[in-house]
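*Asks:* Structure below; questions to follow.
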Amino acid sequence: MATKTYGGVAVEVDDEGFLKKAAEWTPEVAKAIAAEVGIPTLTDKHWKVLEFARTDTASQGQSPGPRRIVASAGVSMKELYELFPKGPGKLVARVAGVPKPKACL
Amino acid sequence: MKHLLILGAGTAGTMVANRMVKKLPQKEWQVTVVDPDTTHLYQPGLLFLPFGNHEESELVRPRAATLDDRVEWKQRTVLEIDSQARSVVLDDGERLAYDLLVIASGSRIRPDLTEGLLGDAWQRSVFDFYTLDGAVKLRDALAKFRGGKLVINLVELPIKCPVAPLEFAFLADEFFVRQGIRDEVELTYVTPLDGAFTKPIASKRLGHLLHEKNVKVETEFAVGSVTDHELVSFDERRVPFDLLVTIPTHTGAAFVERSGLGNELAFIPTDKHSLAAKGLDNVFVVGDATDVPASKAGSVAHFEAETLIENLERAATGRALASTFDGHANCFVETGGGKALLIDFNYDVEPLPGKYPLPGLGPFSLLEESKLNHQGKLAFRWIYWNGLLPGKPIPVPAQMSLAGKEQPDAP
Ligand SMILES: Cc1cc2nc3c(=O)[nH]c(=O)nc-3n(C[C@H](O)[C@H](O)[C@H](O)COP(=O)(O)OP(=O)(O)OC[C@H]3O[C@@H](n4cnc5c(N)ncnc54)[C@H](O)[C@@H]3O)c2cc1C
């Protein structure tokens with residue numbers, strides 16, 4: 001298992017760079033991961049999406065897809081793509097420190 | 001007389017009705033199901049029908065023949081649940097009171113939710129196979145297809161039987177080989193996820209299948225709109241097609257939305273271990289209608305039913321609910337050429353290799369292609385009509401077991 005340092009914090013990550021433990025996430029970690037995936041600054045809208053993804057994953061047991069994020073986090077689909085370009089589902093999950101969206105196989 | 005009311009008599013509703021009518025004291029309880037359809041459709045057969053492997057008549061049975069004589073069937077559509085009044089309103093205005101309510105109204109495809117999907121090309125060059133009508137029309141289109149770009153697109157999750165689109169790709173490869181036109185056909189699988197296989201062990205062991213069968217994969221593609229010849233993603237990538245097989249967005253039933261009970265896709269917030277509807281007394285949800293993070297599959301409905309039946313009995317006698325459902329799913333995955341894989345997993349454990357159901361003996365192999373697995377998938381239709389629906393005991397445990405599975409090396 002790999003460990004990586006984001007924003008001065010050592011966190012456990014899987015092969016694709018997703019946090020293994022949501023509890024190790026901090027806003028500083030999020031900022032550093034965001035920078036690594038090409039999002040230089042996290043705006044209020046980014047934070048809204050990230051917070052929704054974290055609370056929703058904790059209550060639902062799986063990370064939310066784009067439609068669910070749009071329905072609850074106060075951003076449009078278009079905005080979501082601007083905030084997290086190229087595959088928001090996966091990027092949101094990575095920055096929010098929750099597992100990537102998966103199918104059963 | 002007390003009333004157990006079940007909304008929807010598909011896989012889950014039928015199974016639960018037939019078993020509960022035997023469990024509850026007949027003098028005290030009336031079991032009623034509501035379903036507008038006069039036939040019961042064996043949905044797993046829809047995967048094979050487009051390739052000419054099943055007749056329509058083999059996949060449907062009259063609903064009355066699938067229900068125990070003691071179950072009352074209202075051939076009506078549910079319009080609304082009034083949980084305050086503990087009653088349900090039907091489309092003829094009748095109100096049915098309940099003491100216990102089970103929502104088993106499944107999921108349905110919603111091509112209307114994607115811009116352009118129901119345009120001029122619908123059922124001309126754009127088809128679904130998740131409905132009987134769609135599968136039959138796709139069969140006719142495939143029989144006439146002489147070559148070109150065939151694109152299989154899953155619009156968004158969750159969908160029923162999440163492996164069916166991939167199985168469709170594998171069976172399409174086999175079909176065109178048999179037709180002698182495989183070289184004329186370009187097969188592309190377009191998914192919103194980051195791969196056709198998304199779980200680490202499965203993708204390591206199965207990734208080669210796509211390569212072997214020459215199926216191209218386009219990933220992280222979220223469909224924004226569809227024209228008569230291409231898919232366009234929200235980030236403006238384009239995938240052209242001559243024939244599109246779409247697996248549209250799924251939602252729950254319209255009455256769920258109307259009653260204000262569902263999430264953004266009209267799936268009902270449900271306790272994932274007890275199957276009680278969150279925030280509602282004496283209401284349970286089973287099968288595809290729930291929002292639990294398990295696959296929408298008949299096998300899941302079957303394993304859920306074990307917990308649900310226990311909990312209906314407990315609720316009927318005022319006892320605390322059991323929290324025993326573990327997210328167990330168990331699916332045969334057709335890979336073409338008369339072979340299939342088997343996967344067995346739950347909320348916490350991803351599909352692992354090994355043998356099933358008997359550790360070391362099988363006879364089925366997990367995460368590995370075999371002819372026997374394919375036989376198992378075909379035999380399931382018989383088990384469905386003759387074992388599962390009538391509520392006979394099926395010799396596989398409801399909870400997932402790690403026995404017989406190879407665990408990945410501990411970290
Ligand atoms: C192509 C395909 C392949 C599949 N392959 C497999 C497989 O290999 N293995 C597997 O385990 N599963 C498979 N499935 C999934 C499986 O069929 C479903 O998960 C299962 O049928 C779910 O059961 P259910 O009772 O929740 O819903 P359903 O069986 O869909 O039943 C829902 C019922 O509710 C009724 N209903 C809806 N709205 C109302 C209303 N307003 N009022 C009254 N009644 C209503 C409907 O008429 C229907 O009869 C497949 C599905 C498809 C489409």
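We label chains A, B, ... in the order they appear in the structure tokens, count residues from 1 in each chain, and number ligands from 1 in the order shown.
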Check every residue of chain B for an atom within 6 Å of chain A, counting only C-alpha atoms, and provide those that qualify as a list in words.
*Replies:* Phe197, Thr198, Lys199, Ala202 and Glu220 of chain B
*Asks:* Put those residues in a file: N, CA and C atoms, as a JSON list (two decimals), in the first residue's frame.
*Replies:*
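Okay, this is what ended up in part35.json:
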[["chain", "number", "residue", "atom", "x", "y", "z"],
["B", 197, "PHE", "N", -14.30, -2.50, -16.82],
["B", 197, "PHE", "CA", -14.22, -3.12, -15.50],
["B", 197, "PHE", "C", -13.67, -2.07, -14.55],
["B", 198, "THR", "N", -14.28, -1.94, -13.39],
["B", 198, "THR", "CA", -13.86, -0.84, -12.51],
["B", 198, "THR", "C", -13.30, -1.32, -11.18],
["B", 199, "LYS", "N", -13.45, -2.62, -10.89],
["B", 199, "LYS", "CA", -12.91, -3.10, -9.63],
["B", 199, "LYS", "C", -11.55, -3.73, -9.90],
["B", 202, "ALA", "N", -11.12, -7.66, -10.71],
["B", 202, "ALA", "CA", -11.83, -8.01, -11.93],
["B", 202, "ALA", "C", -11.14, -7.40, -13.14],
["B", 220, "GLU", "N", -15.27, 7.44, -19.33],
["B", 220, "GLU", "CA", -15.64, 8.73, -18.73],
["B", 220, "GLU", "C", -16.41, 9.59, -19.72]]
*Asks:* With only C-alpha atoms as the counted atoms, please give the residues lying no more than 12 Å from stretch 381-384 of chain B, apart from itself and same-chain residues fewer than 2 positions off, as a PDB file with N, CA and C atoms, in the first residue's frame.
*Replies:*
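Printed below is out.pdb as written:
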ATOM      1  N   GLY B  10     -43.301  -8.021  -9.809  1.00  0.00           N
ATOM      2  CA  GLY B  10     -42.195  -8.505 -10.633  1.00  0.00           C
ATOM      3  C   GLY B  10     -41.450  -9.571  -9.862  1.00  0.00           C
ATOM      4  N   THR B  11     -40.135  -9.635 -10.059  1.00  0.00           N
ATOM      5  CA  THR B  11     -39.330 -10.662  -9.401  1.00  0.00           C
ATOM      6  C   THR B  11     -39.529 -10.615  -7.879  1.00  0.00           C
ATOM      7  N   ALA B  12     -39.344  -9.436  -7.298  1.00  0.00           N
ATOM      8  CA  ALA B  12     -39.355  -9.326  -5.841  1.00  0.00           C
ATOM      9  C   ALA B  12     -40.772  -9.444  -5.280  1.00  0.00           C
ATOM     10  N   THR B  14     -43.506 -10.789  -6.447  1.00  0.00           N
ATOM     11  CA  THR B  14     -44.118 -12.114  -6.588  1.00  0.00           C
ATOM     12  C   THR B  14     -43.552 -13.082  -5.550  1.00  0.00           C
ATOM     13  N   MET B  15     -42.219 -13.076  -5.463  1.00  0.00           N
ATOM     14  CA  MET B  15     -41.537 -13.951  -4.514  1.00  0.00           C
ATOM     15  C   MET B  15     -42.030 -13.691  -3.082  1.00  0.00           C
ATOM     16  N   HIS B  40     -45.886 -11.676 -16.721  1.00  0.00           N
ATOM     17  CA  HIS B  40     -44.623 -11.544 -15.987  1.00  0.00           C
ATOM     18  C   HIS B  40     -43.507 -11.824 -17.000  1.00  0.00           C
ATOM     19  N   LEU B  41     -42.561 -10.908 -17.072  1.00  0.00           N
ATOM     20  CA  LEU B  41     -41.470 -11.025 -18.052  1.00  0.00           C
ATOM     21  C   LEU B  41     -40.193 -11.511 -17.363  1.00  0.00           C
ATOM     22  N   TYR B  42     -39.549 -12.514 -17.940  1.00  0.00           N
ATOM     23  CA  TYR B  42     -38.256 -12.975 -17.442  1.00  0.00           C
ATOM     24  C   TYR B  42     -37.177 -12.083 -18.071  1.00  0.00           C
ATOM     25  N   GLN B  43     -36.804 -11.024 -17.338  1.00  0.00           N
ATOM     26  CA  GLN B  43     -35.934  -9.991 -17.921  1.00  0.00           C
ATOM     27  C   GLN B  43     -34.540 -10.473 -18.326  1.00  0.00           C
ATOM     28  N   PRO B  44     -33.905 -11.395 -17.595  1.00  0.00           N
ATOM     29  CA  PRO B  44     -32.576 -11.823 -18.034  1.00  0.00           C
ATOM     30  C   PRO B  44     -32.562 -12.381 -19.470  1.00  0.00           C
ATOM     31  N   GLY B  45     -33.702 -12.888 -19.934  1.00  0.00           N
ATOM     32  CA  GLY B  45     -33.782 -13.403 -21.301  1.00  0.00           C
ATOM     33  C   GLY B  45     -33.660 -12.311 -22.353  1.00  0.00           C
ATOM     34  N   LEU B  46     -33.878 -11.063 -21.964  1.00  0.00           N
ATOM     35  CA  LEU B  46     -33.810  -9.954 -22.926  1.00  0.00           C
ATOM     36  C   LEU B  46     -32.403  -9.774 -23.483  1.00  0.00           C
ATOM     37  N   HIS B  54     -33.889 -16.593 -28.242  1.00  0.00           N
ATOM     38  CA  HIS B  54     -35.095 -16.924 -27.486  1.00  0.00           C
ATOM     39  C   HIS B  54     -36.280 -16.416 -28.283  1.00  0.00           C
ATOM     40  N   GLU B  58     -41.177 -17.523 -24.889  1.00  0.00           N
ATOM     41  CA  GLU B  58     -40.441 -18.262 -23.857  1.00  0.00           C
ATOM     42  C   GLU B  58     -40.150 -17.403 -22.635  1.00  0.00           C
ATOM     43  N   LEU B  59     -40.290 -16.091 -22.798  1.00  0.00           N
ATOM     44  CA  LEU B  59     -39.869 -15.190 -21.727  1.00  0.00           C
ATOM     45  C   LEU B  59     -41.023 -14.617 -20.901  1.00  0.00           C
ATOM     46  N   VAL B  60     -42.253 -14.912 -21.317  1.00  0.00           N
ATOM     47  CA  VAL B  60     -43.381 -14.358 -20.555  1.00  0.00           C
ATOM     48  C   VAL B  60     -44.333 -15.450 -20.085  1.00  0.00           C
ATOM     49  N   ARG B  61     -44.946 -15.206 -18.961  1.00  0.00           N
ATOM     50  CA  ARG B  61     -45.994 -16.098 -18.453  1.00  0.00           C
ATOM     51  C   ARG B  61     -47.159 -15.230 -17.985  1.00  0.00           C
ATOM     52  N   THR B  66     -48.330 -17.041 -11.932  1.00  0.00           N
ATOM     53  CA  THR B  66     -47.137 -16.918 -11.091  1.00  0.00           C
ATOM     54  C   THR B  66     -47.490 -16.611  -9.636  1.00  0.00           C
ATOM     55  N   GLY B 298     -31.901  -9.538 -10.054  1.00  0.00           N
ATOM     56  CA  GLY B 298     -32.845 -10.496  -9.507  1.00  0.00           C
ATOM     57  C   GLY B 298     -32.243 -11.261  -8.338  1.00  0.00           C
ATOM     58  N   SER B 299     -30.943 -11.571  -8.445  1.00  0.00           N
ATOM     59  CA  SER B 299     -30.306 -12.323  -7.362  1.00  0.00           C
ATOM     60  C   SER B 299     -30.307 -11.494  -6.087  1.00  0.00           C
ATOM     61  N   HIS B 302     -33.643 -11.556  -4.541  1.00  0.00           N
ATOM     62  CA  HIS B 302     -33.830 -12.836  -3.860  1.00  0.00           C
ATOM     63  C   HIS B 302     -33.179 -12.830  -2.470  1.00  0.00           C
ATOM     64  N   GLN B 375     -23.933 -22.808 -18.704  1.00  0.00           N
ATOM     65  CA  GLN B 375     -25.065 -23.717 -18.461  1.00  0.00           C
ATOM     66  C   GLN B 375     -25.874 -23.226 -17.259  1.00  0.00           C
ATOM     67  N   GLY B 376     -25.141 -22.745 -16.249  1.00  0.00           N
ATOM     68  CA  GLY B 376     -25.793 -22.238 -15.043  1.00  0.00           C
ATOM     69  C   GLY B 376     -26.702 -21.071 -15.371  1.00  0.00           C
ATOM     70  N   LYS B 377     -26.209 -20.173 -16.211  1.00  0.00           N
ATOM     71  CA  LYS B 377     -27.009 -19.000 -16.582  1.00  0.00           C
ATOM     72  C   LYS B 377     -28.285 -19.434 -17.304  1.00  0.00           C
ATOM     73  N   LEU B 378     -28.150 -20.407 -18.203  1.00  0.00           N
ATOM     74  CA  LEU B 378     -29.329 -20.851 -18.950  1.00  0.00           C
ATOM     75  C   LEU B 378     -30.314 -21.598 -18.044  1.00  0.00           C
ATOM     76  N   ALA B 379     -29.748 -22.392 -17.116  1.00  0.00           N
ATOM     77  CA  ALA B 379     -30.613 -23.167 -16.217  1.00  0.00           C
ATOM     78  C   ALA B 379     -31.405 -22.255 -15.294  1.00  0.00           C
ATOM     79  N   ASN B 386     -39.779 -21.924 -11.636  1.00  0.00           N
ATOM     80  CA  ASN B 386     -40.232 -23.075 -10.848  1.00  0.00           C
ATOM     81  C   ASN B 386     -39.774 -23.087  -9.396  1.00  0.00           C
ATOM     82  N   GLY B 387     -38.743 -22.300  -9.085  1.00  0.00           N
ATOM     83  CA  GLY B 387     -38.242 -22.288  -7.710  1.00  0.00           C
ATOM     84  C   GLY B 387     -38.388 -20.934  -7.048  1.00  0.00           C
ATOM     85  N   LEU B 388     -37.775 -19.932  -7.699  1.00  0.00           N
ATOM     86  CA  LEU B 388     -37.701 -18.601  -7.100  1.00  0.00           C
ATOM     87  C   LEU B 388     -39.075 -17.948  -6.939  1.00  0.00           C
ATOM     88  N   LEU B 389     -39.820 -17.831  -8.044  1.00  0.00           N
ATOM     89  CA  LEU B 389     -41.106 -17.126  -7.971  1.00  0.00           C
ATOM     90  C   LEU B 389     -42.105 -17.818  -7.045  1.00  0.00           C
ATOM     91  N   PRO B 390     -42.252 -19.155  -7.147  1.00  0.00           N
ATOM     92  CA  PRO B 390     -43.200 -19.810  -6.232  1.00  0.00           C
ATOM     93  C   PRO B 390     -42.740 -19.769  -4.782  1.00  0.00           C
ATOM     94  N   GLY B 391     -41.475 -19.400  -4.546  1.00  0.00           N
ATOM     95  CA  GLY B 391     -41.007 -19.285  -3.167  1.00  0.00           C
ATOM     96  C   GLY B 391     -40.525 -20.600  -2.583  1.00  0.00           C
ATOM     97  N   LYS B 392     -39.994 -21.482  -3.447  1.00  0.00           N
ATOM     98  CA  LYS B 392     -39.403 -22.734  -2.928  1.00  0.00           C
ATOM     99  C   LYS B 392     -37.987 -22.435  -2.444  1.00  0.00           C
ATOM    100  N   PRO B 393     -37.494 -23.239  -1.488  1.00  0.00           N
ATOM    101  CA  PRO B 393     -36.139 -22.976  -0.993  1.00  0.00           C
ATOM    102  C   PRO B 393     -35.099 -23.173  -2.101  1.00  0.00           C
ATOM    103  N   ILE B 394     -34.169 -22.239  -2.232  1.00  0.00           N
ATOM    104  CA  ILE B 394     -33.095 -22.328  -3.223  1.00  0.00           C
ATOM    105  C   ILE B 394     -31.814 -22.577  -2.418  1.00  0.00           C
ATOM    106  N   PRO B 395     -31.044 -23.615  -2.768  1.00  0.00           N
ATOM    107  CA  PRO B 395     -29.933 -24.008  -1.898  1.00  0.00           C
ATOM    108  C   PRO B 395     -28.683 -23.136  -2.011  1.00  0.00           C
TER     109      PRO B 395
END
*Asks:* Give the answer as one residue: which of B:Val102, B:Val185, B:Ala85, B:Leu402 has the shortest atom-to-atom distance to ligand 1, using only C-alpha atoms and all ligand atoms?
*Replies:*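 For ligand 1, the nearest of the given residues is B:Val102.
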*Asks:* Find the spatial neighbours of B:Gly147, counting only C-alpha atoms, within a cut-off of 10 Å - ignore same-chain residues fewer than 4 positions away - and output them as a list in words.
*Replies:*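 Near neighbours after the sequence-gap exclusion: Leu142, Phe176, Ile181, Arg182, Asp183, Glu184, Val185, Glu186, Asp242 and Leu243 of chain B.
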*Asks:* Just the residues within 12 Å of B:Leu312, please, counting only C-alpha atoms, with nothing from its chain fewer than 4 positions along; format it as a VMD selection string.
*Replies:* chain B and resid 3 to 6 16 to 17 19 to 21 23 to 24 29 31 99 to 102 274 to 276 282 to 286 305 to 308 316 to 322
*Asks:* Go through B:Val300, B:Leu118, B:Leu341, B:Val245 and flag the residue nearest B:Ala135, using only C-alpha atoms for the distances.
*Replies:*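 Looking only at the distances to B:Ala135, the closest residue turns out to be B:Val245.
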*Asks:* With a distance cut-off of 9 Å and only C-alpha atoms, select the neighbouring residues of A:Val92, excluding the residue or stretch itself and same-chain residues fewer than 5 positions from it, and output the selection as a ChimeraX atom specification.
*Replies:* /A:46,49-50,53,84,87,97-98,100
*Asks:* Could you write out the selected residues, including C-alpha atoms, as a tab-separated table (two decimals), in the first residue's frame?
*Replies:*
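Full text of out_6.tsv as output:
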chain	number	residue	atom	x	y	z
A	46	HIS	CA	-15.82	23.49	-5.61
A	49	VAL	CA	-19.52	19.96	-4.34
A	50	LEU	CA	-16.74	18.37	-2.28
A	53	ALA	CA	-19.70	14.27	-1.99
A	84	PHE	CA	-14.08	19.44	-12.50
A	87	GLY	CA	-15.14	13.11	-15.86
A	97	GLY	CA	-11.17	11.74	-0.60
A	98	VAL	CA	-13.92	9.18	-1.27
A	100	LYS	CA	-14.11	6.36	-7.15
*Asks:* For the atom pair atom 20 (C, counted along the ligand's line) of ligand 1 and atom CA of B:Thr251, what is the interatomic distance in Å to one decimal place?
*Replies:*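 For atom 20 (C, counted along the ligand's line) of ligand 1 relative to atom CA of B:Thr251, the distance reads 13.5 Å.
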*Asks:* What lies within 9 Å of A:Val9 using only C-alpha atoms, ignoring chain neighbours under 3 positions off, as a list in words?
*Replies:*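 After dropping sequence-adjacent residues, the list is Lys4, Thr5, Tyr6, Glu24, Trp25, Thr26, Glu28 and Val29 of chain A.
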*Asks:* Might you pull out every residue within 12 Å of stretch 79-83 of chain B, with only C-alpha atoms counted and same-chain residues fewer than 4 positions away left off, and present them as a PyMOL selection string?
*Replies:* chain B and resi 5-7+34-36+87-103+105+253-262+277+279-284
*Asks:* Can you list, as a VMD selection string, all residues belonging to chain A that DSSP tags as alpha helix (DSSP H)?
*Replies:* chain A and resid 27 to 36 44 to 60 66 to 72 77 to 83 88 to 96
*Asks:* List every residue of chain A that DSSP, applied to the backbone of this structure, places in strand (DSSP E or B), and write the result as a list of chain:residue names.
*Replies:* A:Ala2, A:Thr3, A:Lys4, A:Thr5, A:Tyr6, A:Val9, A:Ala10, A:Val11, A:Glu12, A:Val13, A:Leu19
*Asks:* Could you write those residues out with N, CA and C atoms, as a PDB file, in the first residue's frame?
*Replies:*
ATOM      1  N   ALA A   2       0.490   2.222  -0.811  1.00  0.00           N
ATOM      2  CA  ALA A   2       1.333   3.404  -0.950  1.00  0.00           C
ATOM      3  C   ALA A   2       0.893   4.530  -0.008  1.00  0.00           C
ATOM      4  N   THR A   3       1.861   5.321   0.382  1.00  0.00           N
ATOM      5  CA  THR A   3       1.562   6.511   1.170  1.00  0.00           C
ATOM      6  C   THR A   3       2.013   7.702   0.348  1.00  0.00           C
ATOM      7  N   LYS A   4       1.231   8.775   0.402  1.00  0.00           N
ATOM      8  CA  LYS A   4       1.628   9.989  -0.314  1.00  0.00           C
ATOM      9  C   LYS A   4       1.452  11.181   0.605  1.00  0.00           C
ATOM     10  N   THR A   5       2.237  12.192   0.351  1.00  0.00           N
ATOM     11  CA  THR A   5       2.107  13.380   1.185  1.00  0.00           C
ATOM     12  C   THR A   5       1.422  14.484   0.394  1.00  0.00           C
ATOM     13  N   TYR A   6       0.280  14.907   0.917  1.00  0.00           N
ATOM     14  CA  TYR A   6      -0.466  15.991   0.284  1.00  0.00           C
ATOM     15  C   TYR A   6      -0.639  17.101   1.315  1.00  0.00           C
ATOM     16  N   VAL A   9       0.486  16.392   4.768  1.00  0.00           N
ATOM     17  CA  VAL A   9      -0.094  15.277   5.522  1.00  0.00           C
ATOM     18  C   VAL A   9       0.174  13.970   4.773  1.00  0.00           C
ATOM     19  N   ALA A  10       0.649  12.944   5.489  1.00  0.00           N
ATOM     20  CA  ALA A  10       0.867  11.640   4.861  1.00  0.00           C
ATOM     21  C   ALA A  10      -0.444  10.868   4.863  1.00  0.00           C
ATOM     22  N   VAL A  11      -0.903  10.452   3.683  1.00  0.00           N
ATOM     23  CA  VAL A  11      -2.172   9.721   3.584  1.00  0.00           C
ATOM     24  C   VAL A  11      -1.962   8.436   2.801  1.00  0.00           C
ATOM     25  N   GLU A  12      -2.784   7.434   3.089  1.00  0.00           N
ATOM     26  CA  GLU A  12      -2.722   6.181   2.339  1.00  0.00           C
ATOM     27  C   GLU A  12      -3.549   6.310   1.072  1.00  0.00           C
ATOM     28  N   VAL A  13      -2.965   5.899  -0.064  1.00  0.00           N
ATOM     29  CA  VAL A  13      -3.704   5.976  -1.329  1.00  0.00           C
ATOM     30  C   VAL A  13      -3.674   4.626  -2.042  1.00  0.00           C
ATOM     31  N   LEU A  19      -7.776   8.279  -1.968  1.00  0.00           N
ATOM     32  CA  LEU A  19      -7.543   8.053  -0.542  1.00  0.00           C
ATOM     33  C   LEU A  19      -8.185   6.744  -0.093  1.00  0.00           C
TER      34      LEU A  19
END
*Asks:* Rank nothing, just name the residue among B:Arg237, B:Lys74, B:Lys149, B:Lys278 nearest to ligand 1, using only C-alpha atoms and all ligand atoms.
*Replies:*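 That would be B:Lys74, the residue with the smallest distance to ligand 1.
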*Asks:* Do you have the atom CA of B:Trp385-atom CA of B:Arg63 distance handy?
*Replies:*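 Atom CA of B:Arg63 lies at a distance of 11.4 Å from atom CA of B:Trp385.
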*Asks:* Between A:Pro99, A:Ala23, A:Lys45, A:Ala93, which is the closest to A:Glu79 once you count only C-alpha atoms?
*Replies:*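 Looking at the shortest contact to A:Glu79, the residue is A:Lys45.
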